[in-house]
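Enquirer: So I've got this file, entry_38.txt, and it contains compact mmCIF, C-alpha atoms and all ligand atoms:
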# COMPACT_ATOMS: atom_id res chain seq x y z
CA MET A 396 0.00 0.00 0.00
CA LYS A 397 1.21 3.50 -0.83
CA GLU A 398 0.12 6.80 0.65
CA PHE A 399 0.39 10.39 -0.46
CA HIS A 400 -0.51 13.40 1.61
CA ILE A 401 0.37 17.07 1.80
CA GLY A 402 0.45 17.87 5.49
CA THR A 403 1.26 21.56 5.15
CA GLN A 404 -1.24 24.31 4.47
CA ILE A 405 0.29 26.51 1.77
CA TYR A 406 -0.39 30.23 1.43
CA PHE A 407 0.94 31.75 -1.80
CA GLY A 408 0.40 34.52 -4.31
CA GLU A 409 0.31 38.26 -3.80
CA SER A 410 0.50 39.41 -0.17
CA ALA A 411 0.61 35.81 1.06
CA LEU A 412 2.31 37.14 4.20
CA ASP A 413 -1.01 38.69 5.22
CA ARG A 414 -1.81 35.24 6.56
CA LEU A 415 0.26 36.28 9.60
CA SER A 416 -2.28 38.96 10.52
CA GLU A 417 -4.88 36.21 10.98
CA LEU A 418 -2.90 34.32 13.66
CA GLN A 419 -4.48 34.07 17.09
CA PHE A 420 -1.43 33.71 19.36
CA GLU A 421 -0.36 36.01 22.18
CA SER A 422 3.32 35.43 21.52
CA VAL A 423 5.55 33.66 18.99
CA ILE A 424 9.24 33.05 18.49
CA ILE A 425 10.74 33.94 15.11
CA LEU A 426 13.76 31.85 14.14
CA ALA A 427 15.34 33.94 11.40
CA ASP A 428 18.43 33.84 9.25
CA PRO A 429 20.61 36.75 10.51
CA PHE A 430 20.58 38.30 7.00
CA VAL A 431 16.81 38.48 7.15
CA VAL A 432 17.10 40.65 10.25
CA THR A 433 20.08 42.86 9.27
CA SER A 434 18.57 43.53 5.84
CA GLY A 435 15.24 44.56 7.38
CA LEU A 436 13.39 41.81 5.49
CA VAL A 437 12.03 40.51 8.79
CA GLU A 438 9.86 43.63 9.02
CA HIS A 439 7.56 42.10 6.41
CA VAL A 440 6.80 39.57 9.14
CA THR A 441 6.96 41.71 12.29
CA LYS A 442 4.73 44.50 10.99
CA ARG A 443 1.95 41.96 10.45
CA LEU A 444 2.46 40.51 13.93
CA ASP A 445 2.41 44.03 15.40
CA ALA A 446 -0.83 44.74 13.60
CA ALA A 447 -2.33 41.55 15.05
CA HIS A 448 -1.02 42.46 18.56
CA ILE A 449 1.16 39.37 18.73
CA ARG A 450 4.35 39.69 20.82
CA TYR A 451 7.45 38.15 19.27
CA THR A 452 10.97 37.14 20.30
CA LEU A 453 13.75 36.87 17.73
CA PHE A 454 16.26 34.01 17.60
CA THR A 455 18.94 34.59 14.96
CA ASP A 456 21.74 32.22 15.97
CA ILE A 457 21.45 30.43 12.62
CA VAL A 458 24.22 29.54 10.16
CA PRO A 459 24.25 27.69 6.81
CA ASP A 460 24.23 23.90 7.14
CA PRO A 461 22.88 24.08 10.71
CA PRO A 462 25.19 22.40 13.20
CA VAL A 463 24.04 20.56 16.32
CA ASP A 464 25.13 23.31 18.76
CA LYS A 465 22.90 25.92 17.07
CA VAL A 466 19.98 23.52 17.32
CA ILE A 467 20.67 23.10 21.05
CA ALA A 468 20.75 26.90 21.48
CA GLY A 469 17.41 27.11 19.66
CA VAL A 470 15.86 24.43 21.88
CA ALA A 471 16.89 26.43 24.98
CA ALA A 472 15.39 29.65 23.57
CA VAL A 473 12.11 27.99 22.60
CA LEU A 474 11.70 26.14 25.90
CA LYS A 475 12.50 29.31 27.87
CA GLY A 476 9.49 31.15 26.44
CA HIS A 477 7.27 28.11 25.93
CA TYR A 478 5.89 29.74 22.79
CA PRO A 479 2.77 28.22 21.23
CA CYS A 480 4.06 29.04 17.74
CA MET A 481 7.42 29.11 15.96
CA ILE A 482 7.91 31.09 12.75
CA ALA A 483 10.98 30.11 10.70
CA VAL A 484 12.09 32.79 8.25
CA GLY A 485 15.05 32.09 5.99
CA GLY A 486 16.50 29.56 3.61
CA GLY A 487 16.69 25.82 4.16
CA SER A 488 19.16 26.35 6.99
CA ALA A 489 16.79 28.46 9.09
CA ILE A 490 13.80 26.23 8.39
CA ASP A 491 15.76 23.04 9.09
CA THR A 492 17.05 24.54 12.34
CA ALA A 493 13.47 25.30 13.41
CA LYS A 494 12.27 21.81 12.48
CA ALA A 495 15.04 20.15 14.48
CA VAL A 496 14.53 22.56 17.39
CA ARG A 497 10.83 21.70 17.61
CA LYS A 498 11.55 17.97 17.44
CA PHE A 499 14.13 18.03 20.24
CA ALA A 500 12.14 20.50 22.38
CA GLY A 501 9.20 18.08 22.18
CA GLN A 502 11.45 15.23 23.28
CA ILE A 503 12.73 17.19 26.28
CA GLU A 504 9.30 18.42 27.33
CA GLU A 505 6.88 15.69 26.45
CA GLY A 506 3.70 17.01 24.86
CA TYR A 507 5.17 20.38 23.90
CA SER A 508 4.50 20.84 20.19
CA PRO A 509 4.27 24.44 19.04
CA ARG A 510 2.77 25.22 15.64
CA LEU A 511 5.49 25.67 13.01
CA ILE A 512 5.07 28.20 10.21
CA ALA A 513 7.83 28.12 7.58
CA ILE A 514 8.49 31.20 5.47
CA PRO A 515 11.23 30.49 2.91
CA THR A 516 13.43 33.36 1.75
CA THR A 517 15.25 31.26 -0.86
CA SER A 518 13.58 29.26 -3.64
CA GLY A 519 15.41 25.98 -3.23
CA THR A 520 15.15 23.33 -0.58
CA GLY A 521 11.38 22.99 -0.32
CA SER A 522 12.05 22.50 3.39
CA GLU A 523 8.79 24.32 4.14
CA VAL A 524 6.84 21.23 3.02
CA THR A 525 9.13 18.33 3.89
CA SER A 526 9.44 16.15 6.94
CA PHE A 527 13.25 16.22 6.63
CA ALA A 528 15.90 18.40 8.14
CA VAL A 529 19.62 18.17 7.49
CA ILE A 530 21.79 18.82 10.54
CA SER A 531 25.57 18.82 10.42
CA ASN A 532 28.14 17.69 12.92
CA PRO A 533 31.29 19.71 12.11
CA ALA A 534 33.43 17.64 14.51
CA GLU A 535 32.77 14.52 12.42
CA GLY A 536 32.52 16.38 9.11
CA ARG A 537 29.11 14.74 8.52
CA LYS A 538 25.56 15.78 7.71
CA TYR A 539 22.66 13.89 9.22
CA PRO A 540 19.21 13.88 7.62
CA LEU A 541 16.53 13.75 10.35
CA ARG A 542 13.09 12.54 9.34
CA GLY A 543 9.70 12.31 10.95
CA ASP A 544 6.12 13.50 10.58
CA ASP A 545 6.70 15.71 13.62
CA MET A 546 9.13 17.76 11.51
CA LEU A 547 6.57 18.82 8.92
CA PRO A 548 5.58 22.50 9.23
CA GLU A 549 1.84 23.01 9.67
CA GLU A 550 1.93 26.08 7.42
CA ALA A 551 4.14 27.45 4.64
CA ILE A 552 3.92 30.99 3.34
CA LEU A 553 5.36 31.61 -0.13
CA ASP A 554 5.72 35.33 -0.75
CA GLU A 555 8.17 36.38 -3.44
CA VAL A 556 8.75 39.73 -1.76
CA LEU A 557 11.22 37.88 0.47
CA VAL A 558 13.32 36.43 -2.37
CA LYS A 559 13.95 39.60 -4.36
CA SER A 560 17.13 40.25 -2.38
CA VAL A 561 18.64 36.82 -3.10
CA PRO A 562 21.89 37.47 -4.98
CA ALA A 563 22.47 35.87 -8.38
CA ALA A 564 24.91 33.22 -7.14
CA ILE A 565 22.46 31.99 -4.48
CA THR A 566 19.59 32.06 -7.00
CA ALA A 567 21.72 29.78 -9.18
CA ASP A 568 22.62 27.39 -6.35
CA THR A 569 19.12 27.13 -4.95
CA GLY A 570 17.56 26.89 -8.42
CA MET A 571 19.76 23.92 -9.29
CA ASP A 572 18.73 22.35 -5.98
CA VAL A 573 15.09 22.60 -7.14
CA MET A 574 15.94 21.08 -10.51
CA THR A 575 17.78 18.23 -8.79
CA HIS A 576 14.93 17.58 -6.33
CA ALA A 577 12.45 17.31 -9.18
CA ILE A 578 14.62 15.05 -11.37
CA GLU A 579 15.76 12.79 -8.52
CA ALA A 580 12.21 12.44 -7.12
CA TYR A 581 11.02 11.62 -10.65
CA VAL A 582 13.44 8.72 -11.16
CA SER A 583 13.49 7.56 -7.53
CA THR A 584 12.58 3.91 -6.96
CA ASN A 585 9.90 5.26 -4.63
CA ASN A 586 8.25 7.56 -7.20
CA ASN A 587 4.51 7.52 -7.73
CA GLU A 588 1.98 9.26 -9.98
CA PHE A 589 1.39 12.11 -7.50
CA SER A 590 5.04 12.90 -6.92
CA GLY A 591 5.66 12.50 -10.67
CA ALA A 592 3.05 15.11 -11.61
CA LEU A 593 4.52 17.63 -9.16
CA ALA A 594 8.09 16.93 -10.30
CA GLU A 595 7.11 17.45 -13.95
CA LYS A 596 5.47 20.79 -13.19
CA SER A 597 8.45 21.88 -11.13
CA VAL A 598 10.90 21.08 -13.93
CA GLU A 599 8.70 22.85 -16.45
CA ILE A 600 8.77 26.02 -14.32
CA CYS A 601 12.55 25.75 -13.82
CA GLY A 602 13.01 25.49 -17.59
CA GLN A 603 10.95 28.64 -18.14
CA PHE A 604 11.90 30.79 -15.19
CA LEU A 605 15.22 29.84 -13.56
CA ILE A 606 17.47 31.83 -15.90
CA ARG A 607 15.00 34.72 -15.93
CA SER A 608 14.99 34.73 -12.15
CA TYR A 609 18.82 34.58 -12.09
CA SER A 610 19.18 37.43 -14.59
CA ASP A 611 16.84 39.93 -12.94
CA ASN A 612 16.06 40.18 -9.22
CA ASN A 613 13.13 42.44 -9.96
CA ASP A 614 11.41 39.97 -12.26
CA SER A 615 8.70 39.29 -9.66
CA HIS A 616 6.81 36.94 -11.95
CA ALA A 617 9.85 34.71 -12.46
CA ARG A 618 10.72 34.85 -8.74
CA ARG A 619 7.16 33.89 -7.76
CA LYS A 620 7.20 30.98 -10.19
CA MET A 621 10.55 29.68 -8.90
CA HIS A 622 9.26 29.95 -5.32
CA ILE A 623 6.36 27.72 -6.32
CA ALA A 624 8.62 25.33 -8.27
CA ALA A 625 10.77 24.85 -5.16
CA CYS A 626 7.70 24.00 -3.10
CA LEU A 627 6.31 21.60 -5.73
CA ALA A 628 9.63 19.76 -5.89
CA GLY A 629 9.68 19.66 -2.07
CA ILE A 630 6.28 17.93 -1.98
CA ALA A 631 7.46 15.55 -4.72
CA PHE A 632 10.58 14.43 -2.92
CA ASN A 633 8.88 14.36 0.46
CA SER A 634 6.80 11.57 -1.02
CA ALA A 635 9.25 9.89 -3.42
CA SER A 636 12.56 10.65 -1.68
CA LEU A 637 15.71 11.52 -3.64
CA GLY A 638 18.77 9.69 -4.93
CA LEU A 639 22.52 9.49 -5.18
CA VAL A 640 23.03 13.13 -6.24
CA HIS A 641 21.81 14.11 -2.77
CA GLY A 642 23.62 11.25 -1.06
CA MET A 643 26.88 12.52 -2.61
CA ALA A 644 26.06 16.25 -2.38
CA HIS A 645 25.56 16.02 1.39
CA GLN A 646 29.17 14.82 1.61
CA LEU A 647 30.52 17.64 -0.57
CA GLY A 648 28.74 20.02 1.81
CA ALA A 649 29.98 18.38 4.99
CA HIS A 650 33.60 17.82 3.89
CA LEU A 651 34.30 20.73 1.55
CA HIS A 652 31.60 23.27 2.52
CA ILE A 653 30.38 23.64 -1.05
CA PRO A 654 26.87 25.19 -0.93
CA HIS A 655 24.21 22.50 -1.22
CA GLY A 656 22.67 23.46 -4.58
CA ARG A 657 26.12 24.00 -6.12
CA SER A 658 27.10 20.47 -5.04
CA CYS A 659 23.95 19.13 -6.69
CA ALA A 660 24.73 21.01 -9.92
CA LEU A 661 28.26 19.58 -9.98
CA LEU A 662 26.94 16.03 -9.62
CA LEU A 663 23.65 15.93 -11.52
CA PRO A 664 25.02 15.45 -15.09
CA SER A 665 27.37 12.62 -13.99
CA LEU A 666 24.58 10.89 -12.10
CA ILE A 667 22.16 11.03 -15.05
CA GLU A 668 24.93 9.43 -17.09
CA TYR A 669 25.61 6.81 -14.41
CA ASN A 670 21.96 5.92 -13.74
CA SER A 671 21.03 5.68 -17.41
CA GLY A 672 24.21 3.89 -18.44
CA ILE A 673 24.37 6.32 -21.36
CA THR A 674 27.70 7.92 -22.13
CA THR A 675 29.13 9.77 -25.12
CA SER A 676 30.18 6.44 -26.62
CA SER A 677 26.83 4.61 -26.12
CA ARG A 678 25.24 2.73 -29.02
CA SER A 679 21.52 1.92 -29.36
CA GLN A 680 20.41 -0.74 -26.92
CA ALA A 681 17.48 -3.13 -27.12
CA GLU A 682 16.50 -2.34 -23.56
CA TYR A 683 17.30 0.61 -21.33
CA PRO A 684 16.96 0.96 -17.55
CA SER A 685 13.48 2.29 -16.70
CA CYS A 686 14.88 5.64 -15.55
CA VAL A 687 15.85 6.37 -19.18
CA ARG A 688 12.20 6.80 -20.18
CA LYS A 689 11.79 9.21 -17.27
CA TYR A 690 14.88 11.22 -18.14
CA CYS A 691 13.50 11.42 -21.70
CA ASN A 692 10.17 12.76 -20.34
CA MET A 693 12.06 15.46 -18.45
CA ALA A 694 14.02 16.35 -21.59
CA ARG A 695 10.74 16.62 -23.52
CA ILE A 696 9.28 18.95 -20.87
CA LEU A 697 12.41 21.09 -21.09
CA GLY A 698 12.11 21.17 -24.90
CA VAL A 699 15.35 19.31 -25.58
CA SER A 700 14.11 15.87 -26.66
CA ASN A 701 16.00 14.38 -29.57
CA PHE A 702 16.01 11.48 -32.13
CA ASN A 703 16.27 8.56 -29.73
CA GLU A 704 16.87 7.67 -26.08
CA ILE A 705 20.63 8.11 -26.28
CA THR A 706 20.59 11.52 -27.93
CA THR A 707 17.73 12.66 -25.68
CA VAL A 708 19.51 11.70 -22.45
CA ARG A 709 22.67 13.35 -23.84
CA ALA A 710 20.60 16.46 -24.61
CA LEU A 711 19.27 16.53 -21.03
CA ILE A 712 22.83 16.30 -19.67
CA SER A 713 23.93 19.11 -22.03
CA TYR A 714 20.97 21.20 -20.91
CA ILE A 715 22.01 20.88 -17.23
CA HIS A 716 25.55 21.94 -18.22
CA PHE A 717 24.07 24.83 -20.20
CA LEU A 718 22.04 26.02 -17.19
CA SER A 719 25.14 25.95 -14.95
CA GLN A 720 27.18 27.79 -17.58
CA GLU A 721 24.52 30.48 -18.13
CA MET A 722 24.45 31.07 -14.38
CA HIS A 723 28.27 31.19 -14.14
CA MET A 724 28.43 28.21 -11.81
CA PRO A 725 31.60 26.14 -11.42
CA ALA A 726 31.72 23.27 -13.89
CA ARG A 727 34.07 21.16 -11.76
CA VAL A 728 34.93 20.76 -8.06
CA SER A 729 38.37 22.26 -8.77
CA GLU A 730 36.61 25.52 -9.66
CA ALA A 731 34.44 25.43 -6.53
CA VAL A 732 37.04 24.93 -3.77
CA SER A 733 40.44 26.32 -2.93
CA MET A 734 42.37 23.14 -2.27
CA THR A 735 44.78 20.92 -4.16
CA GLN A 736 43.71 17.86 -6.11
CA GLU A 737 45.64 15.73 -3.61
CA GLU A 738 43.73 17.24 -0.70
CA TYR A 739 40.39 16.69 -2.45
CA PHE A 740 41.27 13.10 -3.30
CA SER A 741 42.14 12.47 0.38
CA HIS A 742 38.43 13.06 1.24
CA ILE A 743 37.02 10.78 -1.44
CA GLU A 744 36.97 7.47 0.42
CA ALA A 745 35.23 8.93 3.49
CA MET A 746 32.81 10.84 1.27
CA ALA A 747 31.96 7.66 -0.65
CA GLU A 748 31.27 5.80 2.61
CA GLY A 749 29.08 8.68 3.80
CA ALA A 750 27.19 8.77 0.49
CA LEU A 751 26.54 4.99 0.63
CA ALA A 752 25.12 5.35 4.15
CA ASP A 753 22.99 8.42 3.30
CA GLY A 754 19.23 7.77 3.34
CA CYS A 755 18.74 9.48 -0.03
CA THR A 756 21.00 6.93 -1.78
CA ALA A 757 18.61 4.08 -0.93
CA THR A 758 16.07 5.21 -3.57
CA ASN A 759 18.54 5.83 -6.38
CA PRO A 760 17.46 3.97 -9.54
CA ARG A 761 20.83 2.23 -9.78
CA VAL A 762 22.44 0.59 -6.74
CA PRO A 763 25.97 1.99 -6.51
CA THR A 764 29.12 0.41 -5.14
CA LYS A 765 31.66 2.33 -3.09
CA ASP A 766 34.16 2.11 -5.97
CA GLU A 767 31.66 3.58 -8.43
CA ILE A 768 30.92 6.48 -6.09
CA MET A 769 34.64 7.10 -5.64
CA GLU A 770 35.06 7.11 -9.41
CA ILE A 771 32.31 9.71 -9.82
CA TYR A 772 33.90 11.93 -7.15
CA LYS A 773 37.24 11.64 -8.99
CA ASN A 774 35.70 12.47 -12.35
CA ILE A 775 34.09 15.70 -11.17
CA TRP A 776 37.38 17.19 -9.83
N1 LIG A 801 14.83 19.99 4.74
C1 LIG A 801 14.95 19.67 3.48
O1 LIG A 801 14.06 19.04 2.93
C2 LIG A 801 16.19 20.09 2.74
C3 LIG A 801 16.31 19.81 1.37
C4 LIG A 801 17.45 20.23 0.71
C5 LIG A 801 18.45 20.91 1.41
N2 LIG A 801 18.32 21.16 2.75
C6 LIG A 801 19.33 21.91 3.52
O2 LIG A 801 19.05 23.31 3.41
C7 LIG A 801 20.28 24.03 3.52
C8 LIG A 801 20.47 24.96 2.34
O3 LIG A 801 19.41 25.88 2.29
P1 LIG A 801 19.40 27.08 1.23
O4 LIG A 801 19.96 26.59 -0.05
O5 LIG A 801 18.06 27.66 1.23
O6 LIG A 801 20.48 28.09 1.80
P2 LIG A 801 20.72 28.71 3.26
O7 LIG A 801 19.49 28.72 4.08
O8 LIG A 801 21.92 28.02 3.84
O9 LIG A 801 21.10 30.21 2.88
C9 LIG A 801 22.20 30.46 2.00
C10 LIG A 801 22.61 31.91 2.13
O10 LIG A 801 21.57 32.74 1.61
C11 LIG A 801 21.31 33.81 2.49
N3 LIG A 801 19.92 34.23 2.28
C12 LIG A 801 18.79 33.58 2.65
N4 LIG A 801 17.71 34.27 2.23
C13 LIG A 801 18.17 35.37 1.58
C14 LIG A 801 17.53 36.47 0.93
N5 LIG A 801 16.21 36.57 0.82
N6 LIG A 801 18.32 37.42 0.37
C15 LIG A 801 19.67 37.32 0.43
N7 LIG A 801 20.33 36.31 1.02
C16 LIG A 801 19.58 35.34 1.60
C17 LIG A 801 21.61 33.25 3.87
O11 LIG A 801 21.93 34.29 4.77
C18 LIG A 801 22.81 32.37 3.58
O12 LIG A 801 24.00 33.10 3.63
C19 LIG A 801 21.38 23.00 3.62
O13 LIG A 801 21.70 22.80 4.99
C20 LIG A 801 20.75 21.75 3.03
O14 LIG A 801 21.37 20.56 3.50
C21 LIG A 801 17.19 20.78 3.40
FE FE A 802 18.59 19.50 -2.07
Could you spell out this file's structure in structure tokens?
Ligand SMILES: NC(=O)c1ccc[n+]([C@@H]2O[C@H](COP(=O)([O-])OP(=O)(O)OC[C@H]3O[C@@H](n4cnc5c(N)ncnc54)[C@H](O)[C@@H]3O)[C@@H](O)[C@H]2O)c1
Ligand SMILES: [Fe+2]

Expert:
Amino acid sequence: MKEFHIGTQIYFGESALDRLSELQFESVIILADPFVVTSGLVEHVTKRLDAAHIRYTLFTDIVPDPPVDKVIAGVAAVLKGHYPCMIAVGGGSAIDTAKAVRKFAGQIEEGYSPRLIAIPTTSGTGSEVTSFAVISNPAEGRKYPLRGDDMLPEEAILDEVLVKSVPAAITADTGMDVMTHAIEAYVSTNNNEFSGALAEKSVEICGQFLIRSYSDNNDSHARRKMHIAACLAGIAFNSASLGLVHGMAHQLGAHLHIPHGRSCALLLPSLIEYNSGITTSSRSQAEYPSCVRKYCNMARILGVSNFNEITTVRALISYIHFLSQEMHMPARVSEAVSMTQEEYFSHIEAMAEGALADGCTATNPRVPTKDEIMEIYKNIW
């Protein structure tokens, strides 16, 4: 038996943030990315709370790739005020911090379960609608995905006014994260018709609006569409899970501190090649792995389908390279880090072990060996 549900109420479209004026709490805690506060963006939230006479406390001890100690600090802040509602405002890092904070606070004080409202300020992770959070342990150089229905935000508010300030490089990184979520959910061994429909729509929007969104911060239409695409892909992978791109990207983040979406962009073309078994020297085959038909569907949606399966999968791979190039993203790991090849290679074995153990890898359409993963890491240097 399979099940599909969307557990988060989604508010979107013009002035979606007005939802905040309808809240009925006396006090809330806002867990916000520090940029959101220093830039004044948080006022879009606080002015609505003020208007609704809701007191708020700010917690801003949030950093990219949230580490365990910041989660512990958040738990202390939330338990101190015993707030009935938590509002997370920021990118995946702020929302993941809030999700983990609520989970652990509920474990410390049994029965405590504040309402969680997620307000993304990047269009990428889809964290506002997923029951995952990724927490890092810098001491071990590892990232841990946490999962559970108790992590799912009750509400998500998608208002593009909060993403206008996202600089081009972060638009590129987060946009490629969306693209990867949609494609990996689509070919996941756990995919289903519902997740597939959402992944297709998400990829279609990325094809139309990612470069537009990258090129012009003030293109509100493109920004709104990408905000929705991120959320659609989030719902898709929350149901279908992901694959080896994410299993390997989590390691690039933990070991080399490459931003998450940039890691995905570096890996996605190689993983399409690996999963499909189609390389530049492939000849027509009588039978292809089932993910090939799905990659071909994605290529068709992106308008790059070609004569046959081989040329279509090659066209999809070229299209991903094209997107990265247009958005001035690094094409290889060597362009994304400041370290020697020898230093990078010294991480590969541990990264391959981490990727094999990562929960996302379990639903990859092709079961990888440690040697194959190591080879892929070598090839993307
Ligand atoms: N929970 C999930 O389902 C899920 C899925 C994928 C990734 N993740 C995790 O999410 C994290 C990445 O999240 P992210 O890509 O959204 O980045 P992020 O939250 O780490 O933010 C990246 C940078 O963008 C800045 N920023 C955020 N909003 C901004 C705005 N409106 N204007 C200008 N700058 C802004 C932040 O200050 C930060 O410096 C990683 O830890 C990743 O592992 C979680
Ligand atoms: Fe991701």

Enquirer: What is the CA of Ser679 in chain A-CA of Val582 in chain A distance in Å, reported with one decimal?

Expert: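 Spanning CA of Ser679 in chain A to CA of Val582 in chain A is a straight-line distance of 21.0 Å.
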
Enquirer: In terms of the shortest atom-to-atom distance over only C-alpha atoms and all ligand atoms, which of A:Phe399, A:Phe430, A:Phe632, A:Tyr683 is closest to ligand FE 802 (chain A)?

Expert: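 Smallest distance to ligand FE 802 (chain A) is found for A:Phe632.
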
Enquirer: Quick one: residues within 7 Å of ligand LIG 801 (chain A), with only C-alpha atoms and all ligand atoms, as an mmCIF file with C-alpha atoms, in the frame of the given file?

Expert:
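Written out: selection02.cif:
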data_model
loop_
_atom_site.group_PDB
_atom_site.id
_atom_site.type_symbol
_atom_site.label_atom_id
_atom_site.label_comp_id
_atom_site.auth_asym_id
_atom_site.auth_seq_id
_atom_site.Cartn_x
_atom_site.Cartn_y
_atom_site.Cartn_z
ATOM 1 C CA ASP A 428 18.430 33.840 9.250
ATOM 2 C CA PRO A 429 20.610 36.750 10.510
ATOM 3 C CA PHE A 430 20.580 38.300 7.000
ATOM 4 C CA VAL A 431 16.810 38.480 7.150
ATOM 5 C CA VAL A 458 24.220 29.540 10.160
ATOM 6 C CA PRO A 459 24.250 27.690 6.810
ATOM 7 C CA ASP A 460 24.230 23.900 7.140
ATOM 8 C CA PRO A 461 22.880 24.080 10.710
ATOM 9 C CA GLY A 485 15.050 32.090 5.990
ATOM 10 C CA GLY A 486 16.500 29.560 3.610
ATOM 11 C CA GLY A 487 16.690 25.820 4.160
ATOM 12 C CA SER A 488 19.160 26.350 6.990
ATOM 13 C CA ALA A 489 16.790 28.460 9.090
ATOM 14 C CA ASP A 491 15.760 23.040 9.090
ATOM 15 C CA THR A 516 13.430 33.360 1.750
ATOM 16 C CA THR A 517 15.250 31.260 -0.860
ATOM 17 C CA SER A 518 13.580 29.260 -3.640
ATOM 18 C CA GLY A 519 15.410 25.980 -3.230
ATOM 19 C CA THR A 520 15.150 23.330 -0.580
ATOM 20 C CA GLY A 521 11.380 22.990 -0.320
ATOM 21 C CA SER A 522 12.050 22.500 3.390
ATOM 22 C CA THR A 525 9.130 18.330 3.890
ATOM 23 C CA SER A 526 9.440 16.150 6.940
ATOM 24 C CA PHE A 527 13.250 16.220 6.630
ATOM 25 C CA ALA A 528 15.900 18.400 8.140
ATOM 26 C CA VAL A 529 19.620 18.170 7.490
ATOM 27 C CA ILE A 530 21.790 18.820 10.540
ATOM 28 C CA LEU A 557 11.220 37.880 0.470
ATOM 29 C CA VAL A 558 13.320 36.430 -2.370
ATOM 30 C CA LYS A 559 13.950 39.600 -4.360
ATOM 31 C CA SER A 560 17.130 40.250 -2.380
ATOM 32 C CA VAL A 561 18.640 36.820 -3.100
ATOM 33 C CA PRO A 562 21.890 37.470 -4.980
ATOM 34 C CA ILE A 565 22.460 31.990 -4.480
ATOM 35 C CA ASP A 568 22.620 27.390 -6.350
ATOM 36 C CA THR A 569 19.120 27.130 -4.950
ATOM 37 C CA GLY A 629 9.680 19.660 -2.070
ATOM 38 C CA HIS A 645 25.560 16.020 1.390
ATOM 39 C CA HIS A 655 24.210 22.500 -1.220
ATOM 40 C CA GLY A 656 22.670 23.460 -4.580
#

Enquirer: For range 447-454 of chain A, find every residue with an atom within 7 Å (counting all atoms listed in the file), except residues of its own chain fewer than 2 positions away, and show them as a ChimeraX atom specification.

Expert: /A:416,420-427,443-445,456

Enquirer: Name the residues in contact with range 531-547 of chain A at a cut-off of 9 Å, using only C-alpha atoms, excluding same-chain residues fewer than 6 positions from it; report them as a list in words.

Expert: Gly402, Thr403, Asp460, Pro461, Pro462, Val463, Asp464, Asp491, Ala493, Lys494, Ala495, Arg497, Lys498, Ser508, Leu511, Ser522, Glu523, Val524, Thr525, His645, Gln646, Gly648, Ala649, His650, Leu651, Gly749, Asp753, Gly754 and Cys755 of chain A

Enquirer: Can you work out the spacing between CA of Thr764 in chain A and CA of Leu661 in chain A in Å, to one decimal?

Expert: 19.8 Å

Enquirer: Could you give me, as a list in words, the residues within 7 Å of range 618-622 of chain A, counting only C-alpha atoms and dropping anything in the same chain fewer than 6 positions from it?

Expert: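 In the requested format, the answer is Ser518, Leu553, Glu555, Ile600, Cys601, Phe604, Leu605 and Ser608 of chain A.
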
Enquirer: Can you work out which one of A:Ala681, A:Leu637, A:Ile715, A:Ala710 has the shortest atom-to-atom distance to Thr758 in chain A, counting only C-alpha atoms?

Expert: A:Leu637

Enquirer: Enter the distance from CA of Val432 in chain A to CA of Ala483 in chain A, in Å, rounded to one decimal.

Expert: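 That distance, rounded to one decimal, is 12.2 Å.
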
Enquirer: Which residue, A:Leu436, A:Ala471, A:Ala635, A:Ile771, has the smallest gap to His400 in chain A when you use all atoms listed in the file?

Expert: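 Going through A:Leu436, A:Ala471, A:Ala635, A:Ile771 one by one, the smallest distance to His400 in chain A is for A:Ala635.
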
Enquirer: Taking only C-alpha atoms and all ligand atoms into account, which of A:Asn586, A:Ser636, A:Asn612, A:Gln680 comes nearest ligand FE 802 (chain A)?

Expert: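 Closest candidate: A:Ser636.
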
Enquirer: Nearest to ligand FE 802 (chain A): which of A:Met396, A:Ala411, A:Ala628, A:Leu697 is it, counting only C-alpha atoms and all ligand atoms?

Expert: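 Closest to ligand FE 802 (chain A) of all the choices is A:Ala628.
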
Enquirer: Given the choices A:Ala563, A:Glu595, A:Gly642, A:Val437, which gets closest to ligand FE 802 (chain A) if the distance is worked out from all atoms listed in the file?

Expert: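 Comparing A:Ala563, A:Glu595, A:Gly642, A:Val437 against ligand FE 802 (chain A), the winner is A:Gly642.
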